[in-house]
Amino acid sequence: MLKEKVESLLNKALEENPSLFLIDFTVGGDNTIRVVLDGDQGVDLQDCMNVSRAIEHNLDREEEDFSLEVTSAGATSPLQLPRQYTKNIGRKIKVRTGGEELEGTLVQASENSITLEWKAREPKPVGKGKVTVQKKQEIAFSDIQEAKVILKF
């Protein structure tokens with residue numbers, strides 16, 4: 001019952017801020033509520049506080065004891081939803097599929113796949129040496145085992 005009530009409150013809070021979206025939501029056996037958010041323009045502390053308050057202020061601790069944690073998806077967290085890929089178009093990402101690991105710039109994201117572009121050094125077709133070529137590959141979401149944004153410092 002607690003999970004359904006929290007889920008309803010969470011959905012209402014997300015409707016009030018359509019740029020936010022849910023990555024993960026769990027209610028543990030000890031009534032530990034964990035909400036992980038992401039947003040089209042990122043998630044700031046105020047966003048987390050607003051969602052936390054929308055949930056906490058509408059639950060009665062006298063009725064049921066709980067702990068609540070509302071966080072943003074970390075910068076090093078794997079991308080999980082198509083909306084996260086769309087938000088990261090233009091950034092470098094590392095994608096692991098069943099057979100390979102690719103690193104490139106995310107240039108497109110659709111409902112079913114992403115497109116990566118990168119430069120690679122390949123042997124010249126004729127003669128010795130190598131030439132730099134532009135590579136492009138479309139990868140279906142179903143083939144992606146893990147994808148992460150590459151952070152630059």
# chains A, B, ... in the order shown; residues from 1 in each chain; ligands from 1
>>> select_by_dssp(residues="stretch 58-99 of chain A", states="strand (DSSP E or B)", output="PyMOL selection string")
chain A and resi 67-72+92-97
>>> residues_around(residues="A:Ile33", least_positions_apart="4", cutoff="6 Å", atoms="only C-alpha atoms", output="CSV table (one decimal) with N, CA and C atoms, in the first residue's frame")
chain,number,residue,atom,x,y,z
A,26,THR,N,12.2,2.5,-5.8
A,26,THR,CA,12.0,1.3,-5.1
A,26,THR,C,11.5,1.6,-3.7
A,27,VAL,N,10.8,0.7,-3.1
A,27,VAL,CA,10.4,0.7,-1.7
A,27,VAL,C,10.9,-0.6,-1.1
A,67,SER,N,11.8,5.9,5.5
A,67,SER,CA,12.9,6.8,5.2
A,67,SER,C,12.9,7.1,3.7
A,68,LEU,N,13.2,8.3,3.3
A,68,LEU,CA,13.1,8.8,1.9
A,68,LEU,C,14.4,9.3,1.4
>>> residues_around(residues="stretch 134-142 of chain A", least_positions_apart="4", cutoff="12 Å", atoms="only C-alpha atoms", output="VMD selection string")
chain A and resid 79 to 83 85 95 to 98 100 to 122 146 to 147
>>> residues_around(residues="stretch 56-64 of chain A", least_positions_apart="5", cutoff="12 Å", atoms="only C-alpha atoms", output="list in words")
Met1, Leu2, Lys3, Glu4, Lys5, Val6, Glu7, Ser8, Leu9, Leu10, Lys12, Ala13, Asp30, Asn31, Thr32, Ile33, Cys48, Met49, Asn50, Val51, Glu69 and Val70 of chain A
>>> atom_distance(atom1="atom CA of A:Lys94", atom2="atom CA of A:Val133")
18.9 Å
>>> select_by_dssp(residues="stretch 6-123 of chain A", states="helix (DSSP H, G or I)", output="JSON, numbers by chain")
{"A": [6, 7, 8, 9, 10, 11, 12, 13, 14, 15, 16, 45, 46, 47, 48, 49, 50, 51, 52, 53, 54, 55, 56, 82, 83, 84, 85, 86, 87]}
>>> closest_residue(among="A:Ile144, A:Ala54, A:Lys87, A:Leu45", to="A:Leu14", atoms="only C-alpha atoms")
A:Ala54
>>> residues_around(residues="A:Ala75", least_positions_apart="3", cutoff="9 Å", atoms="only C-alpha atoms", output="mmCIF file with N, CA, C and O atoms, in the first residue's frame")
data_model
loop_
_atom_site.group_PDB
_atom_site.id
_atom_site.type_symbol
_atom_site.label_atom_id
_atom_site.label_comp_id
_atom_site.auth_asym_id
_atom_site.auth_seq_id
_atom_site.Cartn_x
_atom_site.Cartn_y
_atom_site.Cartn_z
ATOM 1 N N SER A 72 19.602 12.465 -7.858
ATOM 2 C CA SER A 72 19.699 12.555 -9.317
ATOM 3 C C SER A 72 20.567 11.409 -9.804
ATOM 4 O O SER A 72 21.378 10.868 -9.057
ATOM 5 N N PRO A 78 25.170 4.726 -15.688
ATOM 6 C CA PRO A 78 24.864 4.304 -17.064
ATOM 7 C C PRO A 78 23.560 4.935 -17.550
ATOM 8 O O PRO A 78 22.640 5.170 -16.768
ATOM 9 N N LYS A 148 27.750 4.925 -21.111
ATOM 10 C CA LYS A 148 28.054 5.987 -20.144
ATOM 11 C C LYS A 148 28.617 7.206 -20.880
ATOM 12 O O LYS A 148 29.350 7.055 -21.854
ATOM 13 N N VAL A 149 28.301 8.374 -20.349
ATOM 14 C CA VAL A 149 28.882 9.614 -20.858
ATOM 15 C C VAL A 149 30.332 9.673 -20.389
ATOM 16 O O VAL A 149 30.653 9.342 -19.239
ATOM 17 N N LEU A 151 33.275 11.790 -19.239
ATOM 18 C CA LEU A 151 33.459 13.107 -18.628
ATOM 19 C C LEU A 151 34.840 13.646 -18.972
ATOM 20 O O LEU A 151 35.828 12.925 -18.906
#
